[in-house]
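S.K.: This is input-v3.pdb (PDB, C-alpha atoms and all ligand atoms).
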```
ATOM      1  CA  MET A  58     103.214  97.996 112.125
ATOM      2  CA  LYS A  59     103.240  94.841 109.953
ATOM      3  CA  ASP A  60     100.851  96.503 107.472
ATOM      4  CA  LEU A  61      98.499  93.520 107.280
ATOM      5  CA  LEU A  62      95.755  95.866 106.069
ATOM      6  CA  GLY A  63      98.006  96.916 103.198
ATOM      7  CA  GLN A  64      98.836  93.270 102.489
ATOM      8  CA  ALA A  65      95.137  92.412 102.329
ATOM      9  CA  LEU A  66      94.464  95.327  99.958
ATOM     10  CA  LEU A  67      97.371  94.286  97.732
ATOM     11  CA  ASP A  68      96.157  90.676  97.650
ATOM     12  CA  TYR A  69      92.710  91.821  96.571
ATOM     13  CA  GLN A  70      94.108  94.166  93.940
ATOM     14  CA  ASN A  71      96.382  91.426  92.562
ATOM     15  CA  GLY A  72      93.602  88.824  92.323
ATOM     16  CA  ASN A  73      94.764  86.878  95.394
ATOM     17  CA  TYR A  74      91.660  87.440  97.525
ATOM     18  CA  THR A  75      91.034  84.294  99.530
ATOM     19  CA  GLU A  76      89.969  85.526 102.959
ATOM     20  CA  ASP A  77      88.834  88.603 104.886
ATOM     21  CA  ILE A  78      90.438  90.535 107.703
ATOM     22  CA  ILE A  79      89.441  89.433 111.227
ATOM     23  CA  THR A  80      88.919  92.212 113.765
ATOM     24  CA  SER A  81      88.018  92.353 117.449
ATOM     25  CA  THR A  82      88.121  94.936 120.212
ATOM     26  CA  ASN A  83      88.407  94.960 123.991
ATOM     27  CA  ILE A  84      84.579  95.183 124.176
ATOM     28  CA  SER A  85      83.527  93.010 121.237
ATOM     29  CA  ASP A  86      84.108  89.553 119.820
ATOM     30  CA  GLU A  87      85.635  88.632 116.494
ATOM     31  CA  ASP A  88      84.105  90.096 113.370
ATOM     32  CA  THR A  89      85.130  90.133 109.718
ATOM     33  CA  LEU A  90      86.067  93.185 107.703
ATOM     34  CA  PRO A  91      85.292  92.153 104.112
ATOM     35  CA  ILE A  92      88.122  93.328 101.897
ATOM     36  CA  PRO A  93      85.779  94.063  98.936
ATOM     37  CA  TYR A  94      84.122  96.690 101.177
ATOM     38  CA  LEU A  95      87.397  98.623 101.191
ATOM     39  CA  PHE A  96      87.138  98.740  97.364
ATOM     40  CA  ARG A  97      83.494  99.919  97.399
ATOM     41  CA  GLU A  98      82.289 102.018  94.511
ATOM     42  CA  TYR A  99      80.211 105.170  94.939
ATOM     43  CA  LYS A 100      76.915 103.292  94.539
ATOM     44  CA  ASP A 101      77.778 101.009  97.468
ATOM     45  CA  MET A 102      78.993 103.747  99.834
ATOM     46  CA  PRO A 103      76.988 104.679 102.951
ATOM     47  CA  LEU A 104      74.842 107.818 102.632
ATOM     48  CA  LEU A 105      77.139 109.818 104.920
ATOM     49  CA  GLU A 106      80.118 109.145 102.636
ATOM     50  CA  LYS A 107      78.090 110.096  99.554
ATOM     51  CA  LYS A 108      77.080 113.317 101.310
ATOM     52  CA  ALA A 109      80.716 114.103 102.176
ATOM     53  CA  LEU A 110      81.767 113.586  98.551
ATOM     54  CA  LYS A 111      78.928 115.853  97.417
ATOM     55  CA  LEU A 112      80.142 118.620  99.792
ATOM     56  CA  ALA A 113      83.795 118.369  98.695
ATOM     57  CA  LYS A 114      85.172 121.555  97.133
ATOM     58  CA  GLY A 115      88.497 122.888  95.858
ATOM     59  CA  HIS A 116      91.802 121.187  96.629
ATOM     60  CA  VAL A 117      91.063 118.019  98.634
ATOM     61  CA  LEU A 118      93.124 115.977 101.105
ATOM     62  CA  ASP A 119      91.863 112.411 101.695
ATOM     63  CA  VAL A 120      93.339 111.297 105.024
ATOM     64  CA  GLY A 121      93.647 107.551 105.627
ATOM     65  CA  CYS A 122      92.565 106.937 102.048
ATOM     66  CA  GLY A 123      92.885 103.128 102.242
ATOM     67  CA  ALA A 124      92.294 101.590  98.807
ATOM     68  CA  GLY A 125      91.386 105.066  97.520
ATOM     69  CA  GLY A 126      87.694 104.692  96.630
ATOM     70  CA  HIS A 127      86.698 108.195  97.737
ATOM     71  CA  SER A 128      89.752 109.749  96.104
ATOM     72  CA  LEU A 129      89.193 107.922  92.809
ATOM     73  CA  TYR A 130      85.590 109.111  92.707
ATOM     74  CA  LEU A 131      86.676 112.735  93.199
ATOM     75  CA  GLN A 132      89.606 112.438  90.769
ATOM     76  CA  ASP A 133      87.191 111.146  88.116
ATOM     77  CA  LYS A 134      85.000 114.197  88.805
ATOM     78  CA  GLY A 135      87.973 116.468  88.012
ATOM     79  CA  PHE A 136      89.027 117.443  91.546
ATOM     80  CA  THR A 137      92.691 118.044  92.328
ATOM     81  CA  LEU A 138      93.496 116.015  95.380
ATOM     82  CA  LYS A 139      96.146 114.423  97.517
ATOM     83  CA  SER A 140      95.579 111.076  99.227
ATOM     84  CA  ILE A 141      97.633 109.939 102.196
ATOM     85  CA  ASP A 142      97.840 106.804 104.289
ATOM     86  CA  ILE A 143     100.420 105.347 106.675
ATOM     87  CA  SER A 144     100.009 101.958 104.958
ATOM     88  CA  GLU A 145     102.551 101.349 102.177
ATOM     89  CA  GLY A 146     100.359  98.566 100.789
ATOM     90  CA  ALA A 147      97.341 100.871 100.639
ATOM     91  CA  ILE A 148      99.259 103.568  98.764
ATOM     92  CA  SER A 149     100.691 101.022  96.356
ATOM     93  CA  VAL A 150      97.103  99.884  95.624
ATOM     94  CA  CYS A 151      95.939 103.500  95.176
ATOM     95  CA  LYS A 152      98.689 104.092  92.621
ATOM     96  CA  SER A 153      97.919 100.950  90.666
ATOM     97  CA  ARG A 154      94.220 101.938  90.657
ATOM     98  CA  GLY A 155      95.225 105.182  88.956
ATOM     99  CA  LEU A 156      95.369 107.777  91.739
ATOM    100  CA  ASN A 157      97.737 110.533  90.672
ATOM    101  CA  HIS A 158      98.766 111.985  94.042
ATOM    102  CA  ALA A 159      98.881 109.206  96.621
ATOM    103  CA  LYS A 160     101.599 109.267  99.245
ATOM    104  CA  VAL A 161     102.677 107.254 102.290
ATOM    105  CA  ALA A 162     102.393 109.799 105.110
ATOM    106  CA  SER A 163     100.822 110.341 108.493
ATOM    107  CA  ILE A 164      98.408 113.228 108.841
ATOM    108  CA  LEU A 165     100.665 114.798 111.475
ATOM    109  CA  ASP A 166     103.450 115.118 108.871
ATOM    110  CA  GLU A 167     101.260 116.884 106.298
ATOM    111  CA  THR A 168     102.012 120.598 105.767
ATOM    112  CA  GLU A 169     100.114 121.734 102.634
ATOM    113  CA  GLN A 170      96.815 123.600 102.871
ATOM    114  CA  PHE A 171      93.500 122.407 101.456
ATOM    115  CA  ASP A 172      89.913 123.530 100.885
ATOM    116  CA  THR A 173      88.504 120.164 101.972
ATOM    117  CA  ILE A 174      89.980 117.536 104.279
ATOM    118  CA  LEU A 175      88.184 114.187 104.279
ATOM    119  CA  LEU A 176      88.434 111.649 107.101
ATOM    120  CA  LEU A 177      85.988 108.844 106.283
ATOM    121  CA  MET A 178      85.020 105.412 107.673
ATOM    122  CA  ASN A 179      85.192 106.547 111.283
ATOM    123  CA  GLY A 180      87.601 109.385 110.593
ATOM    124  CA  THR A 181      88.164 110.083 114.296
ATOM    125  CA  GLY A 182      89.749 106.635 114.617
ATOM    126  CA  ILE A 183      93.032 108.141 113.485
ATOM    127  CA  PHE A 184      93.048 110.398 116.605
ATOM    128  CA  GLN A 185      93.397 107.189 118.688
ATOM    129  CA  LYS A 186      92.601 108.637 122.131
ATOM    130  CA  LEU A 187      90.368 111.350 123.516
ATOM    131  CA  SER A 188      93.450 113.025 125.016
ATOM    132  CA  TYR A 189      94.989 113.363 121.507
ATOM    133  CA  VAL A 190      91.926 114.939 119.875
ATOM    134  CA  THR A 191      93.018 118.533 120.512
ATOM    135  CA  LYS A 192      96.457 117.856 119.015
ATOM    136  CA  TYR A 193      94.959 116.350 115.839
ATOM    137  CA  LEU A 194      92.277 119.043 115.499
ATOM    138  CA  THR A 195      94.853 121.809 115.944
ATOM    139  CA  HIS A 196      97.011 120.265 113.231
ATOM    140  CA  LEU A 197      94.078 119.664 110.869
ATOM    141  CA  LYS A 198      92.994 123.288 111.368
ATOM    142  CA  SER A 199      96.503 124.459 110.365
ATOM    143  CA  LEU A 200      96.034 122.592 107.043
ATOM    144  CA  LEU A 201      92.846 124.465 106.157
ATOM    145  CA  LYS A 202      92.700 127.327 103.685
ATOM    146  CA  PRO A 203      90.639 130.274 105.048
ATOM    147  CA  ASP A 204      87.234 128.996 103.882
ATOM    148  CA  GLY A 205      88.232 125.361 104.187
ATOM    149  CA  GLN A 206      86.290 122.502 105.738
ATOM    150  CA  ILE A 207      87.010 119.203 107.428
ATOM    151  CA  LEU A 208      84.422 116.495 106.727
ATOM    152  CA  LEU A 209      84.533 113.495 109.038
ATOM    153  CA  ASP A 210      82.261 110.698 110.143
ATOM    154  CA  SER A 211      82.148 108.830 113.423
ATOM    155  CA  SER A 212      79.710 107.023 115.730
ATOM    156  CA  ASP A 213      78.502 107.199 119.291
ATOM    157  CA  ILE A 214      79.202 103.617 120.363
ATOM    158  CA  GLN A 215      77.461 103.835 123.735
ATOM    159  CA  TYR A 216      75.018 101.220 122.372
ATOM    160  CA  MET A 217      77.829  98.647 122.470
ATOM    161  CA  TYR A 218      77.751  98.839 126.282
ATOM    162  CA  GLU A 219      74.020  98.189 126.582
ATOM    163  CA  ASP A 220      73.020  94.978 128.346
ATOM    164  CA  GLU A 221      69.898  92.897 127.762
ATOM    165  CA  ASP A 222      67.910  94.898 130.366
ATOM    166  CA  GLY A 223      68.596  98.164 128.562
ATOM    167  CA  GLY A 224      71.150  99.301 131.172
ATOM    168  CA  PHE A 225      74.693 100.412 130.397
ATOM    169  CA  TRP A 226      77.829  98.864 131.891
ATOM    170  CA  ILE A 227      80.264 101.702 131.106
ATOM    171  CA  ASP A 228      83.059 101.899 133.699
ATOM    172  CA  THR A 229      83.095 105.581 134.610
ATOM    173  CA  ASN A 230      86.630 105.243 136.034
ATOM    174  CA  ALA A 231      87.977 103.936 132.730
ATOM    175  CA  ASN A 232      89.002 105.978 129.701
ATOM    176  CA  TYR A 233      86.380 107.525 127.388
ATOM    177  CA  TYR A 234      84.019 104.751 126.229
ATOM    178  CA  GLY A 235      84.766 105.294 122.532
ATOM    179  CA  GLU A 236      88.471 104.619 122.981
ATOM    180  CA  LEU A 237      88.908 101.000 121.910
ATOM    181  CA  HIS A 238      91.798  98.567 121.706
ATOM    182  CA  TYR A 239      91.488  97.178 118.224
ATOM    183  CA  TYR A 240      92.962  93.862 117.106
ATOM    184  CA  LEU A 241      93.345  92.842 113.480
ATOM    185  CA  SER A 242      94.558  89.611 111.929
ATOM    186  CA  TYR A 243      94.915  88.429 108.366
ATOM    187  CA  LYS A 244      95.911  85.023 106.980
ATOM    188  CA  GLY A 245      96.878  83.828 110.457
ATOM    189  CA  LYS A 246      99.113  86.813 111.265
ATOM    190  CA  LYS A 247      98.321  89.310 114.023
ATOM    191  CA  GLU A 248      98.820  93.061 113.621
ATOM    192  CA  GLU A 249     100.188  95.082 116.535
ATOM    193  CA  PRO A 250      97.186  96.279 118.614
ATOM    194  CA  LEU A 251      95.839  99.728 117.718
ATOM    195  CA  THR A 252      93.923 102.284 119.711
ATOM    196  CA  TRP A 253      90.970 103.465 117.653
ATOM    197  CA  LEU A 254      88.658 106.299 118.714
ATOM    198  CA  TYR A 255      84.917 106.515 118.124
ATOM    199  CA  LEU A 256      83.733 109.976 119.142
ATOM    200  CA  ASP A 257      80.152 111.014 119.881
ATOM    201  CA  PHE A 258      79.095 114.279 118.240
ATOM    202  CA  GLU A 259      78.794 116.363 121.434
ATOM    203  CA  THR A 260      82.294 115.394 122.620
ATOM    204  CA  LEU A 261      83.699 116.216 119.177
ATOM    205  CA  LYS A 262      81.897 119.572 119.194
ATOM    206  CA  THR A 263      83.252 120.456 122.656
ATOM    207  CA  ALA A 264      86.803 119.559 121.558
ATOM    208  CA  CYS A 265      86.385 121.641 118.391
ATOM    209  CA  LEU A 266      85.376 124.733 120.384
ATOM    210  CA  THR A 267      88.599 124.539 122.431
ATOM    211  CA  VAL A 268      90.573 125.047 119.189
ATOM    212  CA  SER A 269      88.133 127.562 117.640
ATOM    213  CA  LEU A 270      86.594 125.222 115.117
ATOM    214  CA  ASP A 271      82.875 125.267 114.466
ATOM    215  CA  CYS A 272      81.406 121.764 114.336
ATOM    216  CA  GLU A 273      78.154 121.189 112.474
ATOM    217  CA  ASN A 274      76.204 117.935 112.432
ATOM    218  CA  ILE A 275      75.531 117.673 108.699
ATOM    219  CA  GLN A 276      73.663 114.383 108.699
ATOM    220  CA  GLU A 277      72.845 111.469 110.998
ATOM    221  CA  GLY A 278      73.398 107.949 109.714
ATOM    222  CA  ASP A 279      71.118 105.011 110.450
ATOM    223  CA  HIS A 280      73.189 103.521 113.286
ATOM    224  CA  PHE A 281      74.371 106.173 115.789
ATOM    225  CA  ASP A 282      76.761 107.571 113.170
ATOM    226  CA  TYR A 283      77.010 111.114 111.858
ATOM    227  CA  LEU A 284      78.835 113.289 109.350
ATOM    228  CA  ALA A 285      80.355 116.480 110.791
ATOM    229  CA  LYS A 286      81.660 119.595 109.059
ATOM    230  CA  LEU A 287      84.392 121.525 110.868
ATOM    231  CA  THR A 288      85.231 125.085 109.852
ATOM    232  CA  ILE A 289      87.411 127.832 111.303
ATOM    233  CA  ILE A 290      85.700 130.271 113.691
ATOM    234  CA  GLU A 291      86.926 133.741 112.640
TER     235      GLU A 291
HETATM  236  C1  LIG A 301      89.190 102.444 108.451
HETATM  237  S1  LIG A 301      90.453 102.673 107.245
HETATM  238  C2  LIG A 301      89.544 103.726 106.146
HETATM  239  C3  LIG A 301      90.043 103.669 104.733
HETATM  240  C4  LIG A 301      89.266 104.536 103.736
HETATM  241  N1  LIG A 301      89.141 105.924 104.165
HETATM  242  C5  LIG A 301      87.892 103.963 103.475
HETATM  243  O1  LIG A 301      86.902 104.610 103.814
HETATM  244  O2  LIG A 301      87.809 102.863 102.890
HETATM  245  C6  LIG A 301      91.554 103.837 108.057
HETATM  246  C7  LIG A 301      92.808 104.143 107.283
HETATM  247  O3  LIG A 301      93.535 105.163 107.968
HETATM  248  C8  LIG A 301      94.922 104.895 107.865
HETATM  249  N2  LIG A 301      95.617 105.651 108.934
HETATM  250  C9  LIG A 301      95.683 105.351 110.253
HETATM  251  N3  LIG A 301      96.367 106.292 110.925
HETATM  252  C10 LIG A 301      96.734 107.231 110.014
HETATM  253  C11 LIG A 301      97.458 108.460 110.090
HETATM  254  N4  LIG A 301      97.957 108.902 111.251
HETATM  255  N5  LIG A 301      97.651 109.180 108.973
HETATM  256  C12 LIG A 301      97.158 108.727 107.776
HETATM  257  N6  LIG A 301      96.463 107.572 107.639
HETATM  258  C13 LIG A 301      96.253 106.830 108.741
HETATM  259  C14 LIG A 301      94.983 103.378 107.956
HETATM  260  O4  LIG A 301      96.192 102.855 107.435
HETATM  261  C15 LIG A 301      93.756 102.974 107.152
HETATM  262  O5  LIG A 301      94.047 102.765 105.792
END
```
Using the file provided, produce a representation of the structure as structure tokens.

M.R.:
Amino acid sequence: MKDLLGQALLDYQNGNYTEDIITSTNISDEDTLPIPYLFREYKDMPLLEKKALKLAKGHVLDVGCGAGGHSLYLQDKGFTLKSIDISEGAISVCKSRGLNHAKVASILDETEQFDTILLLMNGTGIFQKLSYVTKYLTHLKSLLKPDGQILLDSSDIQYMYEDEDGGFWIDTNANYYGELHYYLSYKGKKEEPLTWLYLDFETLKTACLTVSLDCENIQEGDHFDYLAKLTIIE
């Protein structure tokens, strides 16, 4: 990983913001990811993120914290929390923004236990592929204290396969339709391609049941997105 996302966050933090990140996927054309959005304050967050922050309790783990906006909000509210990201640039930005417990780490290397685990801005993306979902859910469950909760958002992206006649062109022989190849470039440099998973609620719920996690649809967003709460089935 070249950590172009981290580089973009550092540039913004250091006053060197001149351009946005360019993204595309195997099913969509180029789009921009505005870097200021990754520094959004509470008032500019989507409703589902605000709801997740409202539901947070106890010791919190923010997974894939990026520039740390959710973590900073909770830290300011007095929560004890840990924020992790695989991007060195992102964690450097979190520290310079004042986050006390930010660490470069992958979720699969985390071993502490928490009351709340947050995975926000398409939190299932980190799972990468449908076939990895059970592995990630099993690990996340092992990080939960007895009454703990996982709060994550994602979207059903079936709409991206709709043609002008209202029909769908999903290839039923291909992998799950939410499993996308994701390309990112910044200042003329290309990041190594990622696999990024969007998971519809029913598929997430089915996967959760296989690892004895209850999965509740807490709130629907305004564009096929949802916030889910996962808890341990006793
Ligand atoms: C879409 S960004 C979301 C950032 C932040 N949560 C937000 O809402 O602004 C996803 C983040 O997850 C991080 N990430 C990807 N895989 C990860 C993993 N296995 N463990 C921890 N963080 C990961 C990326 O580096 C990136 O910063």

S.K.: Between A:Thr168, A:Gln206, A:Gln185, A:Thr75, which has the minimum distance to ligand LIG 301 (chain A) (counting all atoms listed in the file)?

M.R.: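 The shortest atom-to-atom distance to ligand LIG 301 (chain A) comes from A:Gln185.
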
S.K.: Kindly work out which residues sit at most 8 Å from ligand LIG 301 (chain A), using only C-alpha atoms and all ligand atoms, and give the list as a ChimeraX atom specification.

M.R.: /A:60,62-63,94-97,119-127,141-144,147,161-165,176-180,182-184

S.K.: Run the PyMOL selection byres (((chain A and resi 152-157) around 9) and not hetatm) against the file shown and list the residues it catches, as a PyMOL selection string.

M.R.: chain A and resi 70+124-125+128-129+132+138-140+147-151+158-160

S.K.: Got time to write the residues from that selection, C-alpha atoms, as a CSV table (one decimal), keeping the file's coordinate frame?

M.R.:
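For reference, result-v9.csv as written:
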```csv
chain,number,residue,atom,x,y,z
A,70,GLN,CA,94.1,94.2,93.9
A,124,ALA,CA,92.3,101.6,98.8
A,125,GLY,CA,91.4,105.1,97.5
A,128,SER,CA,89.8,109.7,96.1
A,129,LEU,CA,89.2,107.9,92.8
A,132,GLN,CA,89.6,112.4,90.8
A,138,LEU,CA,93.5,116.0,95.4
A,139,LYS,CA,96.1,114.4,97.5
A,140,SER,CA,95.6,111.1,99.2
A,147,ALA,CA,97.3,100.9,100.6
A,148,ILE,CA,99.3,103.6,98.8
A,149,SER,CA,100.7,101.0,96.4
A,150,VAL,CA,97.1,99.9,95.6
A,151,CYS,CA,95.9,103.5,95.2
A,158,HIS,CA,98.8,112.0,94.0
A,159,ALA,CA,98.9,109.2,96.6
A,160,LYS,CA,101.6,109.3,99.2
```

S.K.: Please enumerate the residues selected by the PyMOL selection byres (((chain A and resi 76-81) around 7) and not hetatm) when evaluated against the supplied file, formatted as number ranges by chain.

M.R.: A: 74-75, 82, 85-92, 239-243

S.K.: Please expand the PyMOL selection byres (((chain A and resi 186) around 12) and not hetatm) into the concrete residues it hits in this file, giving the result as a list in words.

M.R.: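 Checked against the file, the PyMOL selection byres (((chain A and resi 186) around 12) and not hetatm) matches Thr181, Gly182, Ile183, Phe184, Gln185, Leu187, Ser188, Tyr189, Val190, Thr191, Lys192, Tyr193, Asn232, Tyr233, Tyr234, Gly235, Glu236, Leu237, His238, Leu251, Thr252, Trp253, Leu254, Tyr255 and Leu256 of chain A.
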
S.K.: Find the residue from A:Gln215, A:Ile275, A:Asn73, A:Leu194 that sits nearest to Ala109 of chain A; use only C-alpha atoms when measuring.

M.R.: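 With only C-alpha atoms as the atom set, the closest residue is A:Ile275.
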
S.K.: Which residues, written as a ChimeraX atom specification, have at least one atom at most 12 Å from Glu169 of chain A, with all atoms listed in the file counted and residues fewer than 5 positions away on the same chain left out?

M.R.: /A:116-118,138-139,164,174,196-202

S.K.: Output, as JSON, the centre and edge lengths in Å (one decimal) of the axis-aligned box that contains all listed atoms of segment 149-160 of chain A with 6 Å of margin on each side.

M.R.:
```
{"center_x": 97.9, "center_y": 105.9, "center_z": 94.1, "size_x": 19.4, "size_y": 24.1, "size_z": 22.3}
```

S.K.: Smallest atom-to-atom distance to Ala113 of chain A: which of A:Thr260, A:Asn274, A:Thr267, A:Thr137, using all atoms listed in the file?

M.R.: A:Thr137

S.K.: If I put a ball of radius 6 Å at (83.4, 122.8, 112.9) in the file's coordinates, which residues poke into it when counting all atoms listed in the file, written as a ChimeraX atom specification?

M.R.: /A:270-273,286-288

S.K.: For the residues in that selection, give me C-alpha atoms as a tab-separated table (two decimals), in the coordinates of the input.

M.R.:
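Result file selection20.tsv:
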```tsv
chain	number	residue	atom	x	y	z
A	270	LEU	CA	86.59	125.22	115.12
A	271	ASP	CA	82.88	125.27	114.47
A	272	CYS	CA	81.41	121.76	114.34
A	273	GLU	CA	78.15	121.19	112.47
A	286	LYS	CA	81.66	119.60	109.06
A	287	LEU	CA	84.39	121.52	110.87
A	288	THR	CA	85.23	125.08	109.85
```

S.K.: Which is closer to Asp228 of chain A than all the others in A:Glu145, A:Ile84, A:Leu67, A:Glu249, using only C-alpha atoms?

M.R.: A:Ile84

S.K.: Can you tell me how far atom CA of Val268 of chain A sits from atom CA of Phe281 of chain A, in Å to one decimal?

M.R.: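 Spanning atom CA of Val268 of chain A to atom CA of Phe281 of chain A is a straight-line distance of 25.1 Å.
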
S.K.: May I ask which of the residues A:Leu284, A:Ile207, A:Leu175, A:Ala65 is the closest one to Pro93 of chain A, counting only C-alpha atoms?

M.R.: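 Among the listed residues, the smallest separation from Pro93 of chain A belongs to A:Ala65.
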
S.K.: For the atom pair atom CA of Gly115 of chain A and atom CA of Ile289 of chain A, what is the interatomic distance in Å to one decimal place?

M.R.: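 Straight-line distance from atom CA of Gly115 of chain A to atom CA of Ile289 of chain A works out to 16.3 Å.
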
S.K.: Just checking: using all atoms listed in the file, which residue out of A:Lys134, A:Lys114, A:Lys108, A:Lys244 ends up closest to Glu277 of chain A?

M.R.: A:Lys108

S.K.: Is it possible to add all heavy atoms to segment 118-126 of chain A and hand it back as a short mmCIF file (atom, residue, chain, number, x, y, z; two decimals), in the coordinates of the input?

M.R.:
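Output saved as out02.cif:
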```
data_model
loop_
_atom_site.label_atom_id
_atom_site.label_comp_id
_atom_site.auth_asym_id
_atom_site.auth_seq_id
_atom_site.Cartn_x
_atom_site.Cartn_y
_atom_site.Cartn_z
N LEU A 118 92.22 116.95 100.48
CA LEU A 118 93.12 115.98 101.10
C LEU A 118 92.28 114.83 101.64
O LEU A 118 91.36 115.06 102.44
CB LEU A 118 93.90 116.62 102.26
CG LEU A 118 94.81 115.67 103.05
CD1 LEU A 118 95.99 115.20 102.19
CD2 LEU A 118 95.35 116.33 104.33
N ASP A 119 92.56 113.60 101.19
CA ASP A 119 91.86 112.41 101.70
C ASP A 119 92.81 111.73 102.68
O ASP A 119 93.84 111.16 102.30
CB ASP A 119 91.51 111.48 100.52
CG ASP A 119 90.70 110.26 100.93
OD1 ASP A 119 90.32 110.15 102.11
OD2 ASP A 119 90.43 109.40 100.05
N VAL A 120 92.46 111.81 103.96
CA VAL A 120 93.34 111.30 105.02
C VAL A 120 92.96 109.86 105.36
O VAL A 120 91.80 109.57 105.64
CB VAL A 120 93.21 112.17 106.30
CG1 VAL A 120 94.13 111.64 107.39
CG2 VAL A 120 93.50 113.63 105.99
N GLY A 121 93.94 108.97 105.36
CA GLY A 121 93.65 107.55 105.63
C GLY A 121 92.83 107.00 104.48
O GLY A 121 91.78 106.40 104.68
N CYS A 122 93.35 107.20 103.27
CA CYS A 122 92.56 106.94 102.05
C CYS A 122 92.33 105.45 101.79
O CYS A 122 91.48 105.10 100.98
CB CYS A 122 93.25 107.59 100.85
SG CYS A 122 94.93 106.97 100.56
N GLY A 123 93.08 104.56 102.46
CA GLY A 123 92.88 103.13 102.24
C GLY A 123 93.11 102.76 100.78
O GLY A 123 94.09 103.18 100.16
N ALA A 124 92.17 102.01 100.21
CA ALA A 124 92.29 101.59 98.81
C ALA A 124 91.94 102.71 97.83
O ALA A 124 92.01 102.52 96.62
CB ALA A 124 91.42 100.38 98.54
N GLY A 125 91.52 103.87 98.37
CA GLY A 125 91.39 105.07 97.52
C GLY A 125 90.04 105.28 96.86
O GLY A 125 89.93 106.12 95.97
N GLY A 126 89.01 104.58 97.29
CA GLY A 126 87.69 104.69 96.63
C GLY A 126 87.14 106.11 96.59
O GLY A 126 86.64 106.56 95.55
#
```
